[in-house]
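Novice: Next up, run_35.csv (CSV, C-alpha atoms and all ligand atoms).
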chain,number,residue,atom,x,y,z
A,1,MET,CA,156.3,96.7,23.3
A,2,SER,CA,155.8,93.8,25.6
A,3,ARG,CA,158.3,90.9,25.5
A,4,ALA,CA,156.9,87.9,23.6
A,5,ILE,CA,157.3,84.4,25.1
A,6,LEU,CA,156.8,82.1,22.1
A,7,PHE,CA,156.1,78.4,23.0
A,8,GLY,CA,157.1,75.9,20.4
A,9,ALA,CA,160.2,75.1,18.4
A,10,GLY,CA,158.9,73.2,15.4
A,11,GLY,CA,157.7,74.1,11.9
A,12,HIS,CA,154.6,75.9,13.1
A,13,ALA,CA,156.7,78.0,15.5
A,14,ARG,CA,159.0,79.1,12.7
A,15,VAL,CA,155.9,80.4,10.7
A,16,VAL,CA,154.5,82.2,13.8
A,17,LEU,CA,157.8,83.8,14.6
A,18,ASP,CA,158.3,84.9,11.1
A,19,ALA,CA,154.8,86.6,11.1
A,20,LEU,CA,155.5,88.2,14.5
A,21,LEU,CA,158.7,89.7,13.2
A,22,ALA,CA,157.1,90.7,9.9
A,23,ARG,CA,154.8,92.9,11.9
A,24,ASP,CA,157.4,94.2,14.4
A,25,PRO,CA,161.1,93.4,13.5
A,26,ASP,CA,162.3,94.8,16.7
A,27,ARG,CA,160.1,92.8,19.0
A,28,GLU,CA,161.9,91.0,21.8
A,29,VAL,CA,161.1,87.3,21.6
A,30,ILE,CA,162.0,84.4,24.0
A,31,VAL,CA,161.5,80.9,22.6
A,32,LEU,CA,160.4,78.2,25.1
A,33,ASP,CA,159.6,74.6,24.5
A,34,ASP,CA,159.0,71.9,27.2
A,35,ALA,CA,160.2,69.0,24.9
A,36,ALA,CA,163.0,70.5,22.8
A,37,PRO,CA,166.4,70.9,24.4
A,38,ALA,CA,167.7,74.4,25.3
A,39,GLY,CA,169.8,75.8,22.5
A,40,ARG,CA,167.7,74.3,19.6
A,41,PRO,CA,167.6,76.9,16.9
A,42,LEU,CA,164.4,78.6,15.7
A,43,LEU,CA,165.3,80.8,12.8
A,44,HIS,CA,167.9,83.3,14.3
A,45,LEU,CA,166.8,82.5,17.9
A,46,SER,CA,167.1,79.4,20.1
A,47,VAL,CA,165.2,77.7,22.8
A,48,SER,CA,165.9,79.2,26.3
A,49,GLY,CA,164.1,76.5,28.3
A,50,GLY,CA,160.5,75.4,29.1
A,51,ARG,CA,157.7,76.6,31.3
A,52,ASP,CA,160.0,76.5,34.3
A,53,TRP,CA,162.2,79.2,32.6
A,54,LEU,CA,159.2,81.5,32.4
A,55,LEU,CA,158.1,80.9,36.0
A,56,ALA,CA,161.7,81.8,37.1
A,57,ASN,CA,162.3,84.7,34.7
A,58,HIS,CA,159.1,86.4,33.9
A,59,ARG,CA,158.8,90.2,33.7
A,60,PRO,CA,155.8,92.4,34.1
A,61,GLY,CA,154.0,92.7,30.8
A,62,ASP,CA,155.3,89.4,29.3
A,63,VAL,CA,152.8,87.9,26.8
A,64,VAL,CA,152.6,84.3,25.8
A,65,ILE,CA,152.3,83.2,22.2
A,66,PRO,CA,151.2,79.6,21.5
A,67,ALA,CA,153.1,78.2,18.5
A,68,ILE,CA,152.4,74.5,18.7
A,69,GLY,CA,150.4,72.9,15.8
A,70,ASP,CA,148.8,70.1,17.9
A,71,ASN,CA,145.3,71.4,18.8
A,72,ARG,CA,145.0,69.9,22.2
A,73,ALA,CA,148.5,70.8,23.3
A,74,ARG,CA,148.0,74.4,22.1
A,75,LEU,CA,144.8,74.8,24.1
A,76,ALA,CA,146.4,73.3,27.2
A,77,LEU,CA,149.3,75.8,26.9
A,78,ILE,CA,146.8,78.7,26.7
A,79,GLU,CA,144.9,77.5,29.7
A,80,TRP,CA,148.2,77.1,31.7
A,81,ALA,CA,149.3,80.6,30.7
A,82,GLU,CA,146.0,82.3,31.6
A,83,LYS,CA,145.8,80.5,34.9
A,84,GLY,CA,149.3,81.8,35.6
A,85,GLY,CA,148.1,85.3,35.0
A,86,PHE,CA,149.8,85.8,31.6
A,87,ARG,CA,148.1,87.6,28.7
A,88,VAL,CA,147.9,85.3,25.7
A,89,GLU,CA,148.5,87.2,22.4
A,90,THR,CA,147.1,86.6,18.9
A,91,VAL,CA,149.5,87.0,16.0
A,92,ILE,CA,148.2,88.4,12.7
A,93,HIS,CA,150.6,88.4,9.8
A,94,PRO,CA,150.6,91.9,8.1
A,95,ALA,CA,149.4,90.2,4.9
A,96,ALA,CA,146.3,88.7,6.6
A,97,ILE,CA,142.9,90.5,6.3
A,98,VAL,CA,140.4,90.8,9.1
A,99,GLY,CA,137.0,92.2,8.4
A,100,ARG,CA,134.8,94.4,10.5
A,101,GLU,CA,133.0,93.0,13.5
A,102,VAL,CA,135.2,90.0,13.7
A,103,VAL,CA,135.9,88.6,17.2
A,104,LEU,CA,139.2,86.7,17.6
A,105,GLY,CA,139.9,84.8,20.8
A,106,ALA,CA,143.3,84.8,22.6
A,107,GLY,CA,146.2,83.0,21.1
A,108,CYS,CA,145.0,82.8,17.6
A,109,PHE,CA,147.4,82.8,14.6
A,110,LEU,CA,146.5,84.3,11.2
A,111,ALA,CA,149.1,83.5,8.6
A,112,ALA,CA,150.0,85.4,5.5
A,113,GLY,CA,147.1,85.5,3.1
A,114,ALA,CA,144.5,84.4,5.7
A,115,ILE,CA,141.2,86.2,5.4
A,116,VAL,CA,138.4,86.4,8.1
A,117,ASN,CA,135.4,88.2,6.7
A,118,PRO,CA,132.9,90.4,8.7
A,119,CYS,CA,130.9,89.2,11.6
A,120,SER,CA,132.7,85.9,12.1
A,121,THR,CA,133.6,84.8,15.6
A,122,VAL,CA,136.9,82.8,16.1
A,123,GLY,CA,137.6,81.0,19.3
A,124,ARG,CA,140.8,80.8,21.3
A,125,GLY,CA,144.0,79.3,19.9
A,126,VAL,CA,142.7,79.0,16.3
A,127,ILE,CA,145.2,78.6,13.5
A,128,VAL,CA,144.1,80.2,10.2
A,129,ASN,CA,147.0,79.0,8.1
A,130,THR,CA,148.5,80.3,4.9
A,131,ALA,CA,145.8,81.6,2.5
A,132,ALA,CA,143.0,80.0,4.3
A,133,SER,CA,139.7,81.9,4.5
A,134,ILE,CA,136.7,82.2,6.8
A,135,ASP,CA,133.8,84.0,5.2
A,136,HIS,CA,131.1,86.1,6.9
A,137,ASP,CA,129.1,85.0,10.0
A,138,CYS,CA,131.1,81.9,10.7
A,139,ARG,CA,131.5,80.4,14.2
A,140,ILE,CA,134.8,78.8,14.8
A,141,GLY,CA,135.4,76.8,18.0
A,142,ASP,CA,138.5,76.9,20.3
A,143,GLY,CA,141.6,75.1,19.1
A,144,VAL,CA,140.5,74.7,15.5
A,145,HIS,CA,143.2,74.4,12.8
A,146,LEU,CA,142.4,75.5,9.2
A,147,ALA,CA,145.3,74.2,7.1
A,148,PRO,CA,146.7,76.2,4.1
A,149,GLY,CA,144.2,77.0,1.4
A,150,VAL,CA,141.0,76.0,3.3
A,151,ARG,CA,137.8,77.7,2.2
A,152,LEU,CA,135.0,78.1,4.7
A,153,CYS,CA,131.9,79.7,3.0
A,154,GLY,CA,129.6,82.0,5.0
A,155,THR,CA,127.7,81.0,8.1
A,156,VAL,CA,129.7,77.8,8.7
A,157,THR,CA,130.1,76.5,12.2
A,158,LEU,CA,133.1,74.4,13.3
A,159,GLY,CA,133.3,72.8,16.7
A,160,ALA,CA,136.3,72.9,19.0
A,161,ARG,CA,139.7,71.3,18.0
A,162,THR,CA,138.5,70.3,14.6
A,163,LEU,CA,141.2,70.0,11.9
A,164,VAL,CA,140.4,71.0,8.4
A,165,GLY,CA,143.0,69.6,6.0
A,166,VAL,CA,144.8,71.5,3.3
A,167,GLY,CA,142.6,72.9,0.5
A,168,ALA,CA,139.3,71.5,1.9
A,169,VAL,CA,136.1,73.5,1.4
A,170,VAL,CA,132.9,73.7,3.4
A,171,ILE,CA,129.8,75.1,1.6
A,172,PRO,CA,127.6,77.8,3.2
A,173,GLY,CA,125.7,77.2,6.4
A,174,ARG,CA,127.0,73.7,7.3
A,175,THR,CA,127.7,72.7,10.9
A,176,VAL,CA,130.8,70.6,11.6
A,177,GLY,CA,131.2,69.2,15.1
A,178,ALA,CA,134.0,69.1,17.6
A,179,ASP,CA,137.2,66.9,17.2
A,180,VAL,CA,136.4,66.3,13.5
A,181,VAL,CA,139.1,65.7,10.9
A,182,ILE,CA,138.4,66.8,7.4
A,183,ALA,CA,140.9,65.3,5.0
A,184,ALA,CA,142.9,67.4,2.5
A,185,GLY,CA,140.9,68.4,-0.6
A,186,ALA,CA,137.5,67.4,0.8
A,187,ALA,CA,134.3,69.2,-0.1
A,188,VAL,CA,132.0,69.2,2.8
A,189,ALA,CA,128.4,69.6,1.6
A,190,ALA,CA,126.6,68.1,4.6
A,191,ASP,CA,126.7,68.5,8.4
A,192,VAL,CA,129.4,66.5,10.2
A,193,ARG,CA,129.0,65.0,13.6
A,194,ASP,CA,131.4,65.3,16.5
A,195,GLY,CA,134.5,63.1,16.2
A,196,GLN,CA,133.9,62.0,12.6
A,197,ARG,CA,136.6,61.8,10.0
A,198,VAL,CA,135.4,62.7,6.5
A,199,GLY,CA,137.1,63.1,3.1
A,200,GLY,CA,136.4,63.1,-0.6
A,201,VAL,CA,134.2,65.1,-2.9
A,202,PRO,CA,131.5,65.3,-1.7
A,203,ALA,CA,132.9,64.4,1.8
A,204,ARG,CA,131.9,61.1,3.4
A,205,PRO,CA,132.9,59.5,6.7
A,206,PHE,CA,135.8,57.2,6.5
A,207,ALA,CA,138.4,55.5,8.8
A,208,MET,CA,142.0,56.7,8.6
A,209,PRO,CA,145.1,56.3,10.6
A,210,ASP,CA,145.4,58.5,13.7
A,211,ARG,CA,147.5,61.3,12.2
A,212,GLU,CA,146.9,64.7,10.7
A,213,PRO,CA,146.0,64.8,7.0
B,301,LIG,O1,152.2,68.6,24.0
B,301,LIG,C1,152.8,68.8,22.9
B,301,LIG,C2,153.9,69.7,22.8
B,301,LIG,N1,154.5,70.5,23.7
B,301,LIG,C3,155.5,71.1,23.1
B,301,LIG,N2,152.5,68.1,21.8
B,301,LIG,C4,153.2,68.3,20.6
B,301,LIG,N3,152.8,67.7,19.5
B,301,LIG,N4,154.2,69.2,20.5
B,301,LIG,C5,154.6,69.9,21.6
B,301,LIG,N5,155.6,70.8,21.8
B,301,LIG,C6,156.5,71.3,20.9
B,301,LIG,O2,155.9,71.7,19.7
B,301,LIG,C7,157.5,70.2,20.5
B,301,LIG,O3,158.6,70.1,21.4
B,301,LIG,C8,158.1,70.8,19.1
B,301,LIG,O4,159.0,71.8,19.4
B,301,LIG,C9,156.8,71.5,18.6
B,301,LIG,C10,156.2,70.6,17.6
B,301,LIG,O5,157.0,70.7,16.4
B,301,LIG,P1,156.6,69.9,15.0
B,301,LIG,O6,157.5,70.5,14.0
B,301,LIG,O7,156.5,68.5,15.2
B,301,LIG,O8,155.1,70.4,14.7
B,301,LIG,P2,154.5,71.8,14.7
B,301,LIG,O9,153.5,71.8,15.8
B,301,LIG,O10,155.5,72.9,14.8
B,301,LIG,O11,153.8,71.9,13.3
B,301,LIG,C11,152.8,71.0,12.9
B,301,LIG,O12,151.6,71.8,12.8
B,301,LIG,C12,151.6,72.8,11.9
B,301,LIG,C13,150.3,73.6,12.0
B,301,LIG,C14,153.2,70.4,11.5
B,301,LIG,O13,152.2,69.5,11.2
B,301,LIG,C15,153.2,71.5,10.5
B,301,LIG,O14,153.5,71.0,9.2
B,301,LIG,C16,151.9,72.3,10.5
B,301,LIG,N6,152.0,73.4,9.5
I'd like the structure from this file rewritten - as structure tokens, please.
Ligand code: JB2

Specialist:
Amino acid sequence: MSRAILFGAGGHARVVLDALLARDPDREVIVLDDAAPAGRPLLHLSVSGGRDWLLANHRPGDVVIPAIGDNRARLALIEWAEKGGFRVETVIHPAAIVGREVVLGAGCFLAAGAIVNPCSTVGRGVIVNTAASIDHDCRIGDGVHLAPGVRLCGTVTLGARTLVGVGAVVIPGRTVGADVVIAAGAAVAADVRDGQRVGGVPARPFAMPDREP
């Protein structure tokens, strides 16, 4: 089994590491983070260094696992790793369900209870967080984050880097643009344009502080 180089040392990284070890408890894992100090603990492991550590210490077959919650930072890390010739791995918790004819991009994370139903296409670096679901024939752009408990009905399209807040739902066939923020608990019943922030039931555009819901 290849050595896993996990990038990130925050809350999301703890969840990704836990899922990785739930699938393979004996997997060798190195934790790296460019901002956190070496030695910072991550569950039973600790940070060894940052990107420089990998460049100096990589071994044939090493795979990179992005475990940073920020959508842009996660995508940037994937791009850096692939440019450097590293394979970027997708982590699927053993309690997640992936249907037939699903396509998952590199560096995705499917948490416990996540469901991706048949014929959906999921881009690179997408987080399908705890108990979030993507129904059939959806198209999910690169770097999207579906927070816990999100429900996407069938044939929904989400643009790149869009953040769907905890418990939000999108009804069938709707198209949501790139860099959208959907607030927690929203019910999206109409299409949403690129960069909009929407919330409520039914969801409507609104201004909110520049932070994740
Ligand atoms: O460019 C970067 C970056 N590079 C490394 N931007 C950001 N925001 N973080 C970066 N990191 C590393 O990711 C930081 O040094 C730190 O170790 C980690 C971020 O940790 P934090 O606990 O702040 O967030 P997170 O990304 O692990 O988790 C967020 O996203 C999850 C999906 C939280 O909002 C969680 O609650 C959420 N479940």

Novice: Find, counting all atoms listed in the file, the residue in A:Gln196, A:Ser2, A:Thr162, A:Asn57 that gets nearest to Arg87 (chain A).

Specialist: A:Ser2

Novice: Around the point (132.5, 68.3, 4.6) (coordinates from the file), which residues reach within 7 Å if we count all atoms listed in the file? Answer as an MDAnalysis selection string.

Specialist: chainID A and resid 170 182 186:192 198 203

Novice: Put those residues in a file: C-alpha atoms, as a PDB file, keeping the file's coordinate frame.

Specialist:
ATOM      1  CA  VAL A 170     132.900  73.700   3.400  1.00  0.00           C
ATOM      2  CA  ILE A 182     138.400  66.800   7.400  1.00  0.00           C
ATOM      3  CA  ALA A 186     137.500  67.400   0.800  1.00  0.00           C
ATOM      4  CA  ALA A 187     134.300  69.200  -0.100  1.00  0.00           C
ATOM      5  CA  VAL A 188     132.000  69.200   2.800  1.00  0.00           C
ATOM      6  CA  ALA A 189     128.400  69.600   1.600  1.00  0.00           C
ATOM      7  CA  ALA A 190     126.600  68.100   4.600  1.00  0.00           C
ATOM      8  CA  ASP A 191     126.700  68.500   8.400  1.00  0.00           C
ATOM      9  CA  VAL A 192     129.400  66.500  10.200  1.00  0.00           C
ATOM     10  CA  VAL A 198     135.400  62.700   6.500  1.00  0.00           C
ATOM     11  CA  ALA A 203     132.900  64.400   1.800  1.00  0.00           C
TER      12      ALA A 203
END

Novice: Which residue gives the smallest distance to ligand LIG 301 (chain B) among A:Ala111, A:Leu54, A:Ala147, A:Ala184, with only C-alpha atoms and all ligand atoms counted?

Specialist: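 For ligand LIG 301 (chain B), the nearest of the candidates is A:Ala147.
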
Novice: With distances taken over all atoms listed in the file, which residue among A:Pro66, A:Gly167, A:Gly61, A:Thr175 lies nearest Val201 (chain A)?

Specialist: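 Distance minimum relative to Val201 (chain A) lands on A:Gly167.
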
Novice: Just to confirm, what's the straight-line distance from atom O11 of ligand LIG 301 (chain B) to CA of Asp135 (chain A) in Å (one decimal)?

Specialist: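 Between these atoms lies a distance of 24.7 Å.
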
Novice: 6 Å from ligand LIG 301 (chain B) is the threshold here; counting all atoms listed in the file, which polymer residues fall inside it? Answer as a list in words.

Specialist: Gly8, Ala9, Gly10, Gly11, His12, Ala13, Asp33, Asp34, Ala35, Ala36, Ile68, Gly69, Asp70 and Ala73 of chain A

Novice: Using all atoms listed in the file, which protein or nucleic acid residues come within 12 Å of Leu21 (chain A)? Drop anything in the same chain fewer than 4 positions from it, and give the result as a PDB file with C-alpha atoms, in the frame of the given file.

Specialist:
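Generated file (part.pdb):
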ATOM      1  CA  ALA A   4     156.900  87.900  23.600  1.00  0.00           C
ATOM      2  CA  LEU A   6     156.800  82.100  22.100  1.00  0.00           C
ATOM      3  CA  ARG A  14     159.000  79.100  12.700  1.00  0.00           C
ATOM      4  CA  VAL A  15     155.900  80.400  10.700  1.00  0.00           C
ATOM      5  CA  VAL A  16     154.500  82.200  13.800  1.00  0.00           C
ATOM      6  CA  LEU A  17     157.800  83.800  14.600  1.00  0.00           C
ATOM      7  CA  PRO A  25     161.100  93.400  13.500  1.00  0.00           C
ATOM      8  CA  ASP A  26     162.300  94.800  16.700  1.00  0.00           C
ATOM      9  CA  ARG A  27     160.100  92.800  19.000  1.00  0.00           C
ATOM     10  CA  GLU A  28     161.900  91.000  21.800  1.00  0.00           C
ATOM     11  CA  VAL A  29     161.100  87.300  21.600  1.00  0.00           C
ATOM     12  CA  LEU A  43     165.300  80.800  12.800  1.00  0.00           C
ATOM     13  CA  HIS A  44     167.900  83.300  14.300  1.00  0.00           C
ATOM     14  CA  LEU A  45     166.800  82.500  17.900  1.00  0.00           C
ATOM     15  CA  VAL A  91     149.500  87.000  16.000  1.00  0.00           C
ATOM     16  CA  ILE A  92     148.200  88.400  12.700  1.00  0.00           C
ATOM     17  CA  HIS A  93     150.600  88.400   9.800  1.00  0.00           C
ATOM     18  CA  PRO A  94     150.600  91.900   8.100  1.00  0.00           C
TER      19      PRO A  94
END

Novice: Using only C-alpha atoms, what residues lie at most 10 Å away from (152.0, 91.2, 26.4) (file coordinates), given as a PDB file with C-alpha atoms, in the frame of the given file?

Specialist:
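New file selection-v7.pdb:
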ATOM      1  CA  MET A   1     156.300  96.700  23.300  1.00  0.00           C
ATOM      2  CA  SER A   2     155.800  93.800  25.600  1.00  0.00           C
ATOM      3  CA  ARG A   3     158.300  90.900  25.500  1.00  0.00           C
ATOM      4  CA  ALA A   4     156.900  87.900  23.600  1.00  0.00           C
ATOM      5  CA  ILE A   5     157.300  84.400  25.100  1.00  0.00           C
ATOM      6  CA  PRO A  60     155.800  92.400  34.100  1.00  0.00           C
ATOM      7  CA  GLY A  61     154.000  92.700  30.800  1.00  0.00           C
ATOM      8  CA  ASP A  62     155.300  89.400  29.300  1.00  0.00           C
ATOM      9  CA  VAL A  63     152.800  87.900  26.800  1.00  0.00           C
ATOM     10  CA  VAL A  64     152.600  84.300  25.800  1.00  0.00           C
ATOM     11  CA  ILE A  65     152.300  83.200  22.200  1.00  0.00           C
ATOM     12  CA  PHE A  86     149.800  85.800  31.600  1.00  0.00           C
ATOM     13  CA  ARG A  87     148.100  87.600  28.700  1.00  0.00           C
ATOM     14  CA  VAL A  88     147.900  85.300  25.700  1.00  0.00           C
ATOM     15  CA  GLU A  89     148.500  87.200  22.400  1.00  0.00           C
TER      16      GLU A  89
END

Novice: Would you mind reading off the distance between CA of Val156 (chain A) and CA of Val169 (chain A), one decimal, in Å?

Specialist: 10.6 Å

Novice: Excluding region 105-108 of chain A and its own-chain neighbours fewer than 5 positions away, which residues fall within 6 Å of it when counting all atoms listed in the file? Please give them as a list in words.

Specialist: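 Near region 105-108 of chain A, the qualifying residues are Val88, Glu89, Thr90, Val122, Gly123, Arg124, Gly125, Val126 and Ile127 of chain A.
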
Novice: Of the residues A:His145, A:Ala19, A:Ile78, A:His136, which is the one nearest to Phe7 (chain A), using all atoms listed in the file?

Specialist: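 Looking only at the distances to Phe7 (chain A), the closest residue turns out to be A:Ile78.
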
Novice: Kindly indicate which residue among A:Ser48, A:Gly143, A:Asp179, A:Ser133 lies nearest to Glu79 (chain A), using all atoms listed in the file for the distances.

Specialist: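 Comparing A:Ser48, A:Gly143, A:Asp179, A:Ser133 against Glu79 (chain A), the winner is A:Gly143.
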
Novice: Interatomic distance between CA of Arg23 (chain A) and CA of Pro118 (chain A)?

Specialist: 22.3 Å

Novice: My list of candidates is A:Leu55, A:Val31, A:Leu146, A:Ala207. Which is closest to Ala81 (chain A) when distances are computed with all atoms listed in the file?

Specialist: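 Closest to Ala81 (chain A), using all atoms listed in the file: A:Leu55.
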
Novice: So that I can see what lies close to Arg100 (chain A), please list as a PyMOL selection string the residues with an atom at most 9 Å from it, counting all atoms listed in the file and leaving out residues fewer than 4 positions away in the same chain.

Specialist: chain A and resi 117-120

Novice: Take the residues just selected and output them with C-alpha atoms as a CSV table (one decimal), in the frame of the given file.

Specialist:
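out_29.csv written:
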chain,number,residue,atom,x,y,z
A,117,ASN,CA,135.4,88.2,6.7
A,118,PRO,CA,132.9,90.4,8.7
A,119,CYS,CA,130.9,89.2,11.6
A,120,SER,CA,132.7,85.9,12.1

Novice: Starting from the block above, write region 92-109 of chain A out to a file with N, CA, C and O atoms, as a PDB file, in the first residue's frame, please.

Specialist:
ATOM      1  N   ILE A  92     -12.492   7.592   0.619  1.00  0.00           N
ATOM      2  CA  ILE A  92     -13.919   7.251   0.773  1.00  0.00           C
ATOM      3  C   ILE A  92     -14.078   6.462   2.065  1.00  0.00           C
ATOM      4  O   ILE A  92     -13.516   5.367   2.207  1.00  0.00           O
ATOM      5  N   HIS A  93     -14.803   7.040   3.023  1.00  0.00           N
ATOM      6  CA  HIS A  93     -15.040   6.324   4.283  1.00  0.00           C
ATOM      7  C   HIS A  93     -15.775   5.018   3.979  1.00  0.00           C
ATOM      8  O   HIS A  93     -16.642   4.981   3.095  1.00  0.00           O
ATOM      9  N   PRO A  94     -15.457   3.931   4.693  1.00  0.00           N
ATOM     10  CA  PRO A  94     -16.134   2.662   4.410  1.00  0.00           C
ATOM     11  C   PRO A  94     -17.649   2.723   4.597  1.00  0.00           C
ATOM     12  O   PRO A  94     -18.370   1.881   4.037  1.00  0.00           O
ATOM     13  N   ALA A  95     -18.137   3.704   5.334  1.00  0.00           N
ATOM     14  CA  ALA A  95     -19.589   3.838   5.513  1.00  0.00           C
ATOM     15  C   ALA A  95     -20.209   4.805   4.509  1.00  0.00           C
ATOM     16  O   ALA A  95     -21.357   5.231   4.679  1.00  0.00           O
ATOM     17  N   ALA A  96     -19.498   5.170   3.470  1.00  0.00           N
ATOM     18  CA  ALA A  96     -20.071   5.975   2.376  1.00  0.00           C
ATOM     19  C   ALA A  96     -20.561   5.019   1.285  1.00  0.00           C
ATOM     20  O   ALA A  96     -20.112   3.878   1.199  1.00  0.00           O
ATOM     21  N   ILE A  97     -21.484   5.511   0.451  1.00  0.00           N
ATOM     22  CA  ILE A  97     -22.050   4.682  -0.627  1.00  0.00           C
ATOM     23  C   ILE A  97     -21.836   5.408  -1.945  1.00  0.00           C
ATOM     24  O   ILE A  97     -22.196   6.588  -2.083  1.00  0.00           O
ATOM     25  N   VAL A  98     -21.258   4.684  -2.892  1.00  0.00           N
ATOM     26  CA  VAL A  98     -21.043   5.248  -4.232  1.00  0.00           C
ATOM     27  C   VAL A  98     -21.741   4.347  -5.251  1.00  0.00           C
ATOM     28  O   VAL A  98     -21.455   3.146  -5.339  1.00  0.00           O
ATOM     29  N   GLY A  99     -22.653   4.930  -6.018  1.00  0.00           N
ATOM     30  CA  GLY A  99     -23.449   4.153  -6.969  1.00  0.00           C
ATOM     31  C   GLY A  99     -22.697   3.810  -8.240  1.00  0.00           C
ATOM     32  O   GLY A  99     -21.562   4.243  -8.458  1.00  0.00           O
ATOM     33  N   ARG A 100     -23.372   3.060  -9.073  1.00  0.00           N
ATOM     34  CA  ARG A 100     -22.775   2.663 -10.356  1.00  0.00           C
ATOM     35  C   ARG A 100     -22.648   3.872 -11.283  1.00  0.00           C
ATOM     36  O   ARG A 100     -23.482   4.771 -11.256  1.00  0.00           O
ATOM     37  N   GLU A 101     -21.617   3.808 -12.127  1.00  0.00           N
ATOM     38  CA  GLU A 101     -21.361   4.822 -13.146  1.00  0.00           C
ATOM     39  C   GLU A 101     -21.198   6.228 -12.565  1.00  0.00           C
ATOM     40  O   GLU A 101     -21.570   7.226 -13.180  1.00  0.00           O
ATOM     41  N   VAL A 102     -20.668   6.253 -11.351  1.00  0.00           N
ATOM     42  CA  VAL A 102     -20.269   7.532 -10.745  1.00  0.00           C
ATOM     43  C   VAL A 102     -18.815   7.793 -11.122  1.00  0.00           C
ATOM     44  O   VAL A 102     -17.992   6.883 -11.097  1.00  0.00           O
ATOM     45  N   VAL A 103     -18.510   9.024 -11.478  1.00  0.00           N
ATOM     46  CA  VAL A 103     -17.123   9.416 -11.756  1.00  0.00           C
ATOM     47  C   VAL A 103     -16.694  10.380 -10.655  1.00  0.00           C
ATOM     48  O   VAL A 103     -17.352  11.404 -10.425  1.00  0.00           O
ATOM     49  N   LEU A 104     -15.599  10.035  -9.969  1.00  0.00           N
ATOM     50  CA  LEU A 104     -15.066  10.894  -8.896  1.00  0.00           C
ATOM     51  C   LEU A 104     -13.700  11.411  -9.330  1.00  0.00           C
ATOM     52  O   LEU A 104     -12.821  10.625  -9.713  1.00  0.00           O
ATOM     53  N   GLY A 105     -13.491  12.718  -9.231  1.00  0.00           N
ATOM     54  CA  GLY A 105     -12.194  13.291  -9.563  1.00  0.00           C
ATOM     55  C   GLY A 105     -11.151  12.985  -8.503  1.00  0.00           C
ATOM     56  O   GLY A 105     -11.456  12.430  -7.439  1.00  0.00           O
ATOM     57  N   ALA A 106      -9.921  13.375  -8.792  1.00  0.00           N
ATOM     58  CA  ALA A 106      -8.820  13.160  -7.840  1.00  0.00           C
ATOM     59  C   ALA A 106      -9.011  14.036  -6.608  1.00  0.00           C
ATOM     60  O   ALA A 106      -9.517  15.154  -6.682  1.00  0.00           O
ATOM     61  N   GLY A 107      -8.619  13.518  -5.461  1.00  0.00           N
ATOM     62  CA  GLY A 107      -8.570  14.314  -4.243  1.00  0.00           C
ATOM     63  C   GLY A 107      -9.903  14.639  -3.622  1.00  0.00           C
ATOM     64  O   GLY A 107     -10.023  15.596  -2.853  1.00  0.00           O
ATOM     65  N   CYS A 108     -10.917  13.826  -3.919  1.00  0.00           N
ATOM     66  CA  CYS A 108     -12.213  14.019  -3.252  1.00  0.00           C
ATOM     67  C   CYS A 108     -12.177  13.372  -1.868  1.00  0.00           C
ATOM     68  O   CYS A 108     -11.334  12.538  -1.568  1.00  0.00           O
ATOM     69  N   PHE A 109     -13.143  13.780  -1.039  1.00  0.00           N
ATOM     70  CA  PHE A 109     -13.342  13.124   0.261  1.00  0.00           C
ATOM     71  C   PHE A 109     -14.813  12.839   0.449  1.00  0.00           C
ATOM     72  O   PHE A 109     -15.646  13.750   0.388  1.00  0.00           O
TER      73      PHE A 109
END
